[in-house]
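S.K.: Next up is a structure, given as C-alpha coordinates.
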Amino acid sequence: MNAPIGPDDSLSFHRHRRALLLVLLAFTALFGIFFIVINFFAGKYMLMAVEVAVSTFALALLPVVRRTPRLQRWSVGYLIVLYSGVSYALITPETSVSVFGWVLLMPVVAHLLIGRLWGGVLCAVFVPLAAAIFIWRFGTDPVFANPGSIANMVTITCCSYLLSYVYEGSRGEAERRLRRMASTDALTGLPNRIRLEQIYARHMTATRLPMAMLMVDLDHFKRINDNHGHRAGDKVLRAVAKAMKGQMRDADFVFRLGGEEFCILLPDTDFCAARQLAERTRTAIEALACHDCEVVLRLTASIGIAVSRDADEPLDNLLHAADQNLYRAKLGGRNQVIG
(Lines give C-alpha, C1' and ligand atoms only; values in the text may rest on other atoms or scores of the structure.)
Protein backbone atom coordinates (compact mmCIF):
# COMPACT_ATOMS: atom_id res chain seq x y z
CA MET A 1 0.00 0.00 0.00
CA ASN A 2 1.11 3.60 -0.38
CA ALA A 3 2.25 5.38 2.75
CA PRO A 4 0.11 8.26 3.92
CA ILE A 5 1.79 11.59 4.40
CA GLY A 6 1.42 12.95 7.90
CA PRO A 7 1.95 16.49 9.02
CA ASP A 8 4.54 15.78 11.68
CA ASP A 9 7.06 13.61 9.86
CA SER A 10 9.77 16.25 9.99
CA LEU A 11 10.42 19.61 11.58
CA SER A 12 11.16 21.07 8.17
CA PHE A 13 7.48 20.95 7.26
CA HIS A 14 6.89 23.97 9.56
CA ARG A 15 10.12 25.78 8.72
CA HIS A 16 8.34 28.86 7.38
CA ARG A 17 6.06 29.03 10.42
CA ARG A 18 9.01 28.71 12.75
CA ALA A 19 10.73 31.63 11.00
CA LEU A 20 7.52 33.68 11.10
CA LEU A 21 7.00 33.02 14.81
CA LEU A 22 10.58 34.04 15.59
CA VAL A 23 10.05 37.34 13.75
CA LEU A 24 6.75 37.94 15.57
CA LEU A 25 8.29 37.19 18.95
CA ALA A 26 11.12 39.63 18.30
CA PHE A 27 8.63 42.20 17.03
CA THR A 28 6.40 41.70 20.10
CA ALA A 29 9.31 42.11 22.50
CA LEU A 30 10.76 45.15 20.73
CA PHE A 31 7.54 47.09 20.38
CA GLY A 32 6.42 45.88 23.78
CA ILE A 33 9.38 47.68 25.32
CA PHE A 34 8.46 50.78 23.32
CA PHE A 35 4.88 50.76 24.65
CA ILE A 36 6.08 49.98 28.17
CA VAL A 37 8.02 53.25 28.16
CA ILE A 38 5.08 55.18 26.69
CA ASN A 39 2.59 53.79 29.20
CA PHE A 40 4.99 54.37 32.10
CA PHE A 41 5.31 58.08 31.39
CA ALA A 42 1.56 58.29 30.69
CA GLY A 43 0.84 56.80 34.09
CA LYS A 44 -0.98 53.76 32.67
CA TYR A 45 0.64 51.29 35.03
CA MET A 46 -1.79 48.39 34.66
CA LEU A 47 -1.49 48.52 30.89
CA MET A 48 2.28 48.76 31.30
CA ALA A 49 2.23 45.63 33.49
CA VAL A 50 0.35 43.74 30.77
CA GLU A 51 2.92 44.89 28.20
CA VAL A 52 5.72 43.71 30.49
CA ALA A 53 4.09 40.26 30.83
CA VAL A 54 3.55 39.86 27.08
CA SER A 55 7.07 41.08 26.20
CA THR A 56 8.67 38.83 28.83
CA PHE A 57 6.74 35.84 27.52
CA ALA A 58 7.85 36.63 23.96
CA LEU A 59 11.51 36.91 24.99
CA ALA A 60 11.37 33.68 26.98
CA LEU A 61 9.78 31.87 24.04
CA LEU A 62 12.48 32.86 21.52
CA PRO A 63 15.03 30.13 22.46
CA VAL A 64 12.26 27.54 22.87
CA VAL A 65 10.82 28.09 19.39
CA ARG A 66 14.21 27.60 17.72
CA ARG A 67 14.30 23.91 18.64
CA THR A 68 10.86 22.73 19.80
CA PRO A 69 9.10 19.96 17.83
CA ARG A 70 5.79 21.21 19.30
CA LEU A 71 5.70 24.41 17.29
CA GLN A 72 1.92 24.40 16.88
CA ARG A 73 1.28 24.33 20.62
CA TRP A 74 3.70 27.16 21.36
CA SER A 75 2.25 29.19 18.49
CA VAL A 76 -1.26 28.82 19.89
CA GLY A 77 0.03 29.78 23.34
CA TYR A 78 1.77 32.86 21.97
CA LEU A 79 -1.34 34.01 20.10
CA ILE A 80 -3.57 33.52 23.15
CA VAL A 81 -1.20 35.60 25.30
CA LEU A 82 -0.83 38.26 22.59
CA TYR A 83 -4.55 38.50 21.81
CA SER A 84 -5.40 38.57 25.51
CA GLY A 85 -3.02 41.49 25.96
CA VAL A 86 -4.57 43.27 22.98
CA SER A 87 -8.07 42.63 24.38
CA TYR A 88 -7.06 44.16 27.69
CA ALA A 89 -5.68 47.20 25.87
CA LEU A 90 -8.96 47.50 23.96
CA ILE A 91 -11.05 47.51 27.12
CA THR A 92 -8.83 50.05 28.93
CA PRO A 93 -10.66 53.42 29.02
CA GLU A 94 -7.45 55.40 28.44
CA THR A 95 -6.75 53.87 25.02
CA SER A 96 -8.01 55.51 21.84
CA VAL A 97 -9.96 54.01 18.96
CA SER A 98 -6.70 53.59 17.00
CA VAL A 99 -5.77 50.57 19.12
CA PHE A 100 -8.54 48.63 17.32
CA GLY A 101 -6.32 48.63 14.24
CA TRP A 102 -4.53 45.67 15.83
CA VAL A 103 -7.72 43.64 15.49
CA LEU A 104 -7.39 43.73 11.70
CA LEU A 105 -4.11 41.81 12.00
CA MET A 106 -5.61 38.99 14.07
CA PRO A 107 -6.91 36.86 11.16
CA VAL A 108 -3.75 37.35 9.08
CA VAL A 109 -1.35 36.41 11.88
CA ALA A 110 -3.49 33.50 13.10
CA HIS A 111 -3.92 31.89 9.67
CA LEU A 112 -0.27 32.27 8.67
CA LEU A 113 1.03 31.00 12.00
CA ILE A 114 -1.25 28.09 12.92
CA GLY A 115 -3.28 27.37 9.78
CA ARG A 116 -6.91 27.68 8.83
CA LEU A 117 -8.44 25.41 11.48
CA TRP A 118 -6.89 26.74 14.68
CA GLY A 119 -6.52 30.21 13.20
CA GLY A 120 -10.25 30.22 12.57
CA VAL A 121 -10.96 29.03 16.11
CA LEU A 122 -8.92 31.85 17.66
CA CYS A 123 -10.48 34.42 15.36
CA ALA A 124 -13.94 33.13 16.27
CA VAL A 125 -13.12 33.91 19.91
CA PHE A 126 -11.13 37.13 19.80
CA VAL A 127 -12.58 39.02 16.80
CA PRO A 128 -16.19 38.95 18.11
CA LEU A 129 -14.82 39.86 21.55
CA ALA A 130 -13.02 42.87 20.06
CA ALA A 131 -16.19 43.85 18.16
CA ALA A 132 -18.24 43.69 21.37
CA ILE A 133 -15.69 45.86 23.20
CA PHE A 134 -15.69 48.33 20.32
CA ILE A 135 -19.50 48.64 20.36
CA TRP A 136 -19.47 48.96 24.15
CA ARG A 137 -16.87 51.73 24.11
CA PHE A 138 -17.67 53.64 20.95
CA GLY A 139 -21.17 52.60 19.93
CA THR A 140 -22.64 55.97 20.86
CA ASP A 141 -19.88 58.02 19.24
CA PRO A 142 -21.36 60.21 16.46
CA VAL A 143 -18.56 59.19 14.10
CA PHE A 144 -19.59 55.55 14.28
CA ALA A 145 -23.29 56.24 14.26
CA ASN A 146 -22.93 56.56 10.49
CA PRO A 147 -23.80 53.17 8.91
CA GLY A 148 -21.10 53.73 6.30
CA SER A 149 -18.37 53.83 8.96
CA ILE A 150 -19.56 50.58 10.50
CA ALA A 151 -19.86 48.97 7.06
CA ASN A 152 -16.27 49.95 6.23
CA MET A 153 -14.90 48.41 9.42
CA VAL A 154 -16.87 45.20 8.97
CA THR A 155 -15.83 44.95 5.30
CA ILE A 156 -12.14 45.48 6.09
CA THR A 157 -12.23 42.87 8.86
CA CYS A 158 -14.00 40.33 6.64
CA CYS A 159 -11.56 40.94 3.79
CA SER A 160 -8.62 40.48 6.16
CA TYR A 161 -10.08 37.17 7.30
CA LEU A 162 -11.05 35.84 3.88
CA LEU A 163 -7.82 36.81 2.11
CA SER A 164 -5.65 35.23 4.78
CA TYR A 165 -7.91 32.14 4.86
CA VAL A 166 -7.73 31.63 1.09
CA TYR A 167 -4.00 32.35 0.93
CA GLU A 168 -3.15 29.93 3.73
CA GLY A 169 -5.26 27.22 2.08
CA SER A 170 -3.50 27.66 -1.27
CA ARG A 171 -0.08 27.79 0.33
CA GLY A 172 -0.75 24.72 2.44
CA GLU A 173 -1.96 22.72 -0.56
CA ALA A 174 1.10 23.74 -2.60
CA GLU A 175 3.38 22.68 0.25
CA ARG A 176 1.65 19.33 0.65
CA ARG A 177 1.93 18.73 -3.11
CA LEU A 178 5.66 19.50 -3.05
CA ARG A 179 6.16 17.17 -0.09
CA ARG A 180 4.34 14.38 -1.90
CA MET A 181 6.50 14.92 -4.97
CA ALA A 182 9.68 14.91 -2.88
CA SER A 183 8.79 11.66 -1.11
CA THR A 184 7.16 9.76 -4.00
CA ASP A 185 8.68 7.88 -6.92
CA ALA A 186 7.26 9.52 -10.03
CA LEU A 187 7.26 6.35 -12.15
CA THR A 188 5.53 3.86 -9.85
CA GLY A 189 3.77 6.18 -7.41
CA LEU A 190 5.44 4.34 -4.51
CA PRO A 191 7.04 6.25 -1.64
CA ASN A 192 10.82 6.59 -1.89
CA ARG A 193 13.83 6.41 0.45
CA ILE A 194 12.96 9.74 2.12
CA ARG A 195 9.54 8.41 3.05
CA LEU A 196 11.03 5.12 4.22
CA GLU A 197 13.18 6.95 6.78
CA GLN A 198 10.20 8.97 8.01
CA ILE A 199 7.85 6.01 8.37
CA TYR A 200 10.46 3.79 10.01
CA ALA A 201 11.30 6.47 12.60
CA ARG A 202 7.62 7.15 13.29
CA HIS A 203 6.69 3.50 13.78
CA MET A 204 9.69 2.61 15.91
CA THR A 205 9.05 5.61 18.14
CA ALA A 206 5.29 5.09 18.44
CA THR A 207 5.02 1.31 18.73
CA ARG A 208 8.53 0.10 19.67
CA LEU A 209 7.60 -3.27 18.13
CA PRO A 210 9.77 -5.51 15.92
CA MET A 211 9.95 -4.53 12.25
CA ALA A 212 10.62 -6.85 9.35
CA MET A 213 12.09 -5.67 6.06
CA LEU A 214 12.20 -7.24 2.60
CA MET A 215 14.72 -6.07 0.02
CA VAL A 216 13.47 -6.97 -3.46
CA ASP A 217 15.64 -6.83 -6.57
CA LEU A 218 14.42 -7.78 -10.05
CA ASP A 219 16.62 -10.40 -11.68
CA HIS A 220 18.34 -9.44 -14.97
CA PHE A 221 16.14 -6.37 -15.32
CA LYS A 222 18.84 -4.64 -17.37
CA ARG A 223 18.17 -7.09 -20.20
CA ILE A 224 14.62 -5.77 -20.56
CA ASN A 225 15.86 -2.20 -20.93
CA ASP A 226 18.63 -3.26 -23.32
CA ASN A 227 16.50 -5.53 -25.50
CA HIS A 228 13.13 -3.79 -25.43
CA GLY A 229 13.85 -0.20 -24.44
CA HIS A 230 13.24 1.89 -21.34
CA ARG A 231 9.57 2.34 -22.16
CA ALA A 232 9.06 -1.39 -21.77
CA GLY A 233 11.20 -1.38 -18.63
CA ASP A 234 9.08 1.39 -17.11
CA LYS A 235 5.95 -0.60 -17.89
CA VAL A 236 7.40 -3.64 -16.11
CA LEU A 237 8.37 -1.58 -13.06
CA ARG A 238 4.84 -0.23 -12.74
CA ALA A 239 3.41 -3.74 -13.06
CA VAL A 240 5.80 -5.05 -10.40
CA ALA A 241 4.87 -2.21 -8.04
CA LYS A 242 1.19 -3.01 -8.49
CA ALA A 243 1.79 -6.72 -7.94
CA MET A 244 3.71 -6.12 -4.72
CA LYS A 245 1.08 -3.76 -3.34
CA GLY A 246 -1.50 -6.44 -4.03
CA GLN A 247 0.26 -8.80 -1.64
CA MET A 248 0.52 -6.34 1.25
CA ARG A 249 -1.57 -6.05 4.38
CA ASP A 250 -3.10 -2.72 5.35
CA ALA A 251 -0.27 -1.95 7.78
CA ASP A 252 2.57 -2.73 5.32
CA PHE A 253 4.53 -0.28 3.16
CA VAL A 254 6.16 -0.72 -0.25
CA PHE A 255 8.96 1.60 -1.41
CA ARG A 256 11.00 1.98 -4.56
CA LEU A 257 14.59 2.74 -3.61
CA GLY A 258 15.84 3.21 -7.16
CA GLY A 259 16.33 1.33 -10.40
CA GLU A 260 14.95 -2.18 -10.03
CA GLU A 261 15.31 -2.27 -6.23
CA PHE A 262 12.30 -2.18 -3.90
CA CYS A 263 11.86 -2.36 -0.15
CA ILE A 264 8.91 -3.64 1.87
CA LEU A 265 8.43 -2.61 5.51
CA LEU A 266 6.36 -4.94 7.69
CA PRO A 267 5.47 -3.51 11.12
CA ASP A 268 5.04 -5.92 14.05
CA THR A 269 6.03 -8.92 11.93
CA ASP A 270 8.22 -11.86 12.90
CA PHE A 271 10.50 -13.79 10.59
CA CYS A 272 8.02 -16.57 9.74
CA ALA A 273 5.29 -14.13 8.70
CA ALA A 274 7.81 -12.06 6.77
CA ARG A 275 9.05 -15.12 4.87
CA GLN A 276 5.51 -16.14 3.94
CA LEU A 277 4.79 -12.68 2.55
CA ALA A 278 8.15 -12.64 0.76
CA GLU A 279 7.34 -15.93 -0.96
CA ARG A 280 3.93 -14.65 -2.03
CA THR A 281 5.58 -11.53 -3.42
CA ARG A 282 8.23 -13.54 -5.30
CA THR A 283 5.53 -15.80 -6.77
CA ALA A 284 3.38 -12.83 -7.80
CA ILE A 285 6.30 -11.22 -9.63
CA GLU A 286 7.22 -14.48 -11.33
CA ALA A 287 3.62 -14.86 -12.52
CA LEU A 288 3.56 -11.42 -14.17
CA ALA A 289 3.17 -11.31 -17.93
CA CYS A 290 3.80 -7.80 -19.25
CA HIS A 291 2.84 -7.32 -22.88
CA ASP A 292 4.84 -4.93 -25.03
CA CYS A 293 4.40 -4.85 -28.81
CA GLU A 294 3.14 -8.45 -28.89
CA VAL A 295 6.11 -9.53 -26.79
CA VAL A 296 5.44 -11.06 -23.36
CA LEU A 297 7.99 -9.87 -20.82
CA ARG A 298 8.58 -12.07 -17.80
CA LEU A 299 11.03 -11.77 -14.93
CA THR A 300 11.79 -13.02 -11.44
CA ALA A 301 12.94 -11.41 -8.20
CA SER A 302 15.41 -12.15 -5.44
CA ILE A 303 14.41 -11.17 -1.90
CA GLY A 304 16.40 -10.69 1.30
CA ILE A 305 14.74 -10.64 4.74
CA ALA A 306 15.84 -8.91 7.93
CA VAL A 307 14.03 -8.45 11.24
CA SER A 308 14.88 -5.76 13.79
CA ARG A 309 16.36 -7.13 16.98
CA ASP A 310 14.96 -4.42 19.26
CA ALA A 311 12.97 -1.19 19.21
CA ASP A 312 16.13 0.91 18.87
CA GLU A 313 17.43 -0.81 15.74
CA PRO A 314 18.79 1.86 13.34
CA LEU A 315 17.30 1.80 9.87
CA ASP A 316 20.73 1.52 8.25
CA ASN A 317 21.42 -1.69 10.20
CA LEU A 318 18.16 -3.25 9.03
CA LEU A 319 18.79 -2.18 5.44
CA HIS A 320 22.31 -3.60 5.54
CA ALA A 321 21.12 -6.96 6.94
CA ALA A 322 18.35 -7.27 4.34
CA ASP A 323 20.75 -6.24 1.57
CA GLN A 324 23.27 -8.88 2.66
CA ASN A 325 20.60 -11.58 2.46
CA LEU A 326 19.52 -10.24 -0.93
CA TYR A 327 23.10 -10.58 -2.11
CA ARG A 328 23.14 -14.19 -0.91
CA ALA A 329 19.92 -14.84 -2.84
CA LYS A 330 21.56 -13.46 -5.98
CA LEU A 331 24.68 -15.60 -5.50
CA GLY A 332 22.53 -18.67 -4.81
CA GLY A 333 20.91 -18.57 -8.24
CA ARG A 334 18.29 -15.78 -7.99
CA ASN A 335 14.49 -16.11 -7.85
CA GLN A 336 14.54 -17.08 -4.22
CA VAL A 337 14.04 -15.74 -0.68
CA ILE A 338 16.91 -15.68 1.83
CA GLY A 339 16.65 -14.55 5.45
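We name chains A, B, ... following the order of the C-alpha coordinates; residues begin at 1 in each chain, and ligands are numbered from 1 as shown.
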Could you list, as number ranges by chain, every residue within 7 Å of stretch 162-165 of chain A, counting only C-alpha atoms and ignoring same-chain residues fewer than 2 positions away?

M.R.: A: 107-108, 111, 116, 158-160, 167-169

S.K.: Would you pick out the contacts of stretch 208-213 of chain A at 6 Å or less, using only C-alpha atoms, so that residues sharing its chain but fewer than 3 positions from it are not included, and give the list as a list in words?

M.R.: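 Within the cut-off, the hits are Met204, Thr205, Ile264, Leu265, Leu266, Pro267, Asp268, Thr269, Ile305, Ala306, Val307, Ser308 and Ala311 of chain A.
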
S.K.: From the set A:Leu257, A:Gly333, A:Asp250, A:Asn146, which residue has the shortest atom-to-atom contact distance to A:Thr184, counting only C-alpha atoms?

M.R.: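 Between A:Leu257, A:Gly333, A:Asp250, A:Asn146, the residue approaching A:Thr184 most closely is A:Leu257.
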
S.K.: For each of A:Leu30, A:Ala89, A:Ala232, A:Ile285, take the minimum atom-to-atom distance to A:Gly246, counting only C-alpha atoms, then give the residue where this is smallest.

M.R.: A:Ile285

S.K.: Using DSSP on the backbone coordinates, identify the residues of stretch 168-300 of chain A assigned to strand (DSSP E or B); present them as an NGL selection string.

M.R.: :A and (184 or 191 or 211-218 or 253-258 or 261-267 or 290-292 or 295-297)

S.K.: Would you export the selected residues with N, CA, C and O atoms as an mmCIF file, in the first residue's frame, please?

M.R.:
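Ended up saving to out_12.cif:
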```
data_model
loop_
_atom_site.group_PDB
_atom_site.id
_atom_site.type_symbol
_atom_site.label_atom_id
_atom_site.label_comp_id
_atom_site.auth_asym_id
_atom_site.auth_seq_id
_atom_site.Cartn_x
_atom_site.Cartn_y
_atom_site.Cartn_z
ATOM 1 N N THR A 184 7.830 10.768 -3.179
ATOM 2 C CA THR A 184 7.159 9.758 -4.000
ATOM 3 C C THR A 184 7.937 9.504 -5.284
ATOM 4 O O THR A 184 8.411 10.439 -5.924
ATOM 5 N N PRO A 191 6.160 5.373 -2.419
ATOM 6 C CA PRO A 191 7.036 6.251 -1.636
ATOM 7 C C PRO A 191 8.493 5.867 -1.839
ATOM 8 O O PRO A 191 8.806 4.717 -2.165
ATOM 9 N N MET A 211 10.260 -4.928 13.631
ATOM 10 C CA MET A 211 9.955 -4.527 12.254
ATOM 11 C C MET A 211 10.702 -5.461 11.309
ATOM 12 O O MET A 211 11.915 -5.654 11.445
ATOM 13 N N ALA A 212 9.976 -6.025 10.361
ATOM 14 C CA ALA A 212 10.624 -6.851 9.345
ATOM 15 C C ALA A 212 10.780 -6.045 8.067
ATOM 16 O O ALA A 212 9.976 -5.160 7.774
ATOM 17 N N MET A 213 11.826 -6.363 7.309
ATOM 18 C CA MET A 213 12.088 -5.666 6.058
ATOM 19 C C MET A 213 12.427 -6.669 4.970
ATOM 20 O O MET A 213 13.180 -7.625 5.199
ATOM 21 N N LEU A 214 11.870 -6.437 3.778
ATOM 22 C CA LEU A 214 12.196 -7.238 2.605
ATOM 23 C C LEU A 214 12.885 -6.337 1.592
ATOM 24 O O LEU A 214 12.366 -5.283 1.235
ATOM 25 N N MET A 215 14.053 -6.749 1.126
ATOM 26 C CA MET A 215 14.723 -6.071 0.016
ATOM 27 C C MET A 215 14.475 -6.899 -1.234
ATOM 28 O O MET A 215 14.808 -8.093 -1.282
ATOM 29 N N VAL A 216 13.878 -6.273 -2.236
ATOM 30 C CA VAL A 216 13.472 -6.974 -3.462
ATOM 31 C C VAL A 216 14.245 -6.398 -4.640
ATOM 32 O O VAL A 216 14.234 -5.183 -4.865
ATOM 33 N N ASP A 217 14.905 -7.265 -5.391
ATOM 34 C CA ASP A 217 15.644 -6.830 -6.566
ATOM 35 C C ASP A 217 15.221 -7.692 -7.759
ATOM 36 O O ASP A 217 15.192 -8.930 -7.664
ATOM 37 N N LEU A 218 14.878 -7.053 -8.864
ATOM 38 C CA LEU A 218 14.423 -7.778 -10.051
ATOM 39 C C LEU A 218 15.619 -8.391 -10.770
ATOM 40 O O LEU A 218 16.603 -7.710 -11.065
ATOM 41 N N PHE A 253 4.112 -1.382 4.028
ATOM 42 C CA PHE A 253 4.528 -0.281 3.157
ATOM 43 C C PHE A 253 5.491 -0.801 2.090
ATOM 44 O O PHE A 253 6.396 -1.570 2.398
ATOM 45 N N VAL A 254 5.285 -0.364 0.865
ATOM 46 C CA VAL A 254 6.161 -0.718 -0.253
ATOM 47 C C VAL A 254 6.861 0.543 -0.738
ATOM 48 O O VAL A 254 6.217 1.580 -0.925
ATOM 49 N N PHE A 255 8.169 0.465 -0.960
ATOM 50 C CA PHE A 255 8.959 1.604 -1.408
ATOM 51 C C PHE A 255 9.771 1.211 -2.640
ATOM 52 O O PHE A 255 10.179 0.059 -2.782
ATOM 53 N N ARG A 256 10.022 2.175 -3.497
ATOM 54 C CA ARG A 256 10.996 1.978 -4.562
ATOM 55 C C ARG A 256 12.240 2.783 -4.189
ATOM 56 O O ARG A 256 12.185 4.008 -4.053
ATOM 57 N N LEU A 257 13.354 2.087 -4.029
ATOM 58 C CA LEU A 257 14.587 2.741 -3.611
ATOM 59 C C LEU A 257 15.378 3.284 -4.780
ATOM 60 O O LEU A 257 16.236 4.147 -4.621
ATOM 61 N N GLY A 258 15.106 2.756 -5.978
ATOM 62 C CA GLY A 258 15.835 3.214 -7.159
ATOM 63 C C GLY A 258 16.066 2.066 -8.112
ATOM 64 O O GLY A 258 16.228 0.916 -7.689
ATOM 65 N N GLU A 261 15.249 -1.856 -7.633
ATOM 66 C CA GLU A 261 15.308 -2.273 -6.230
ATOM 67 C C GLU A 261 14.136 -1.685 -5.448
ATOM 68 O O GLU A 261 13.872 -0.487 -5.492
ATOM 69 N N PHE A 262 13.455 -2.569 -4.710
ATOM 70 C CA PHE A 262 12.300 -2.181 -3.902
ATOM 71 C C PHE A 262 12.537 -2.615 -2.458
ATOM 72 O O PHE A 262 13.376 -3.476 -2.172
ATOM 73 N N CYS A 263 11.768 -2.009 -1.571
ATOM 74 C CA CYS A 263 11.856 -2.355 -0.154
ATOM 75 C C CYS A 263 10.434 -2.460 0.388
ATOM 76 O O CYS A 263 9.562 -1.653 0.043
ATOM 77 N N ILE A 264 10.213 -3.455 1.238
ATOM 78 C CA ILE A 264 8.909 -3.645 1.874
ATOM 79 C C ILE A 264 9.110 -3.612 3.382
ATOM 80 O O ILE A 264 9.943 -4.338 3.923
ATOM 81 N N LEU A 265 8.340 -2.765 4.058
ATOM 82 C CA LEU A 265 8.430 -2.613 5.511
ATOM 83 C C LEU A 265 7.205 -3.262 6.131
ATOM 84 O O LEU A 265 6.062 -2.945 5.760
ATOM 85 N N LEU A 266 7.441 -4.163 7.086
ATOM 86 C CA LEU A 266 6.362 -4.943 7.692
ATOM 87 C C LEU A 266 6.340 -4.703 9.197
ATOM 88 O O LEU A 266 7.076 -5.351 9.949
ATOM 89 N N PRO A 267 5.527 -3.791 9.677
ATOM 90 C CA PRO A 267 5.472 -3.511 11.122
ATOM 91 C C PRO A 267 4.943 -4.706 11.914
ATOM 92 O O PRO A 267 4.066 -5.435 11.446
ATOM 93 N N CYS A 290 3.952 -9.155 -18.733
ATOM 94 C CA CYS A 290 3.797 -7.796 -19.249
ATOM 95 C C CYS A 290 3.883 -7.833 -20.773
ATOM 96 O O CYS A 290 4.873 -8.305 -21.338
ATOM 97 N N HIS A 291 2.884 -7.301 -21.427
ATOM 98 C CA HIS A 291 2.835 -7.320 -22.884
ATOM 99 C C HIS A 291 3.374 -6.007 -23.433
ATOM 100 O O HIS A 291 2.960 -4.927 -23.018
ATOM 101 N N ASP A 292 4.283 -6.117 -24.384
ATOM 102 C CA ASP A 292 4.837 -4.928 -25.032
ATOM 103 C C ASP A 292 5.074 -5.253 -26.509
ATOM 104 O O ASP A 292 5.966 -6.042 -26.847
ATOM 105 N N VAL A 295 5.083 -8.739 -27.477
ATOM 106 C CA VAL A 295 6.108 -9.527 -26.786
ATOM 107 C C VAL A 295 5.711 -9.638 -25.322
ATOM 108 O O VAL A 295 5.340 -8.647 -24.693
ATOM 109 N N VAL A 296 5.771 -10.845 -24.771
ATOM 110 C CA VAL A 296 5.442 -11.060 -23.365
ATOM 111 C C VAL A 296 6.745 -10.996 -22.560
ATOM 112 O O VAL A 296 7.676 -11.776 -22.801
ATOM 113 N N LEU A 297 6.796 -10.057 -21.644
ATOM 114 C CA LEU A 297 7.987 -9.868 -20.819
ATOM 115 C C LEU A 297 7.764 -10.513 -19.458
ATOM 116 O O LEU A 297 6.790 -10.207 -18.769
#
```
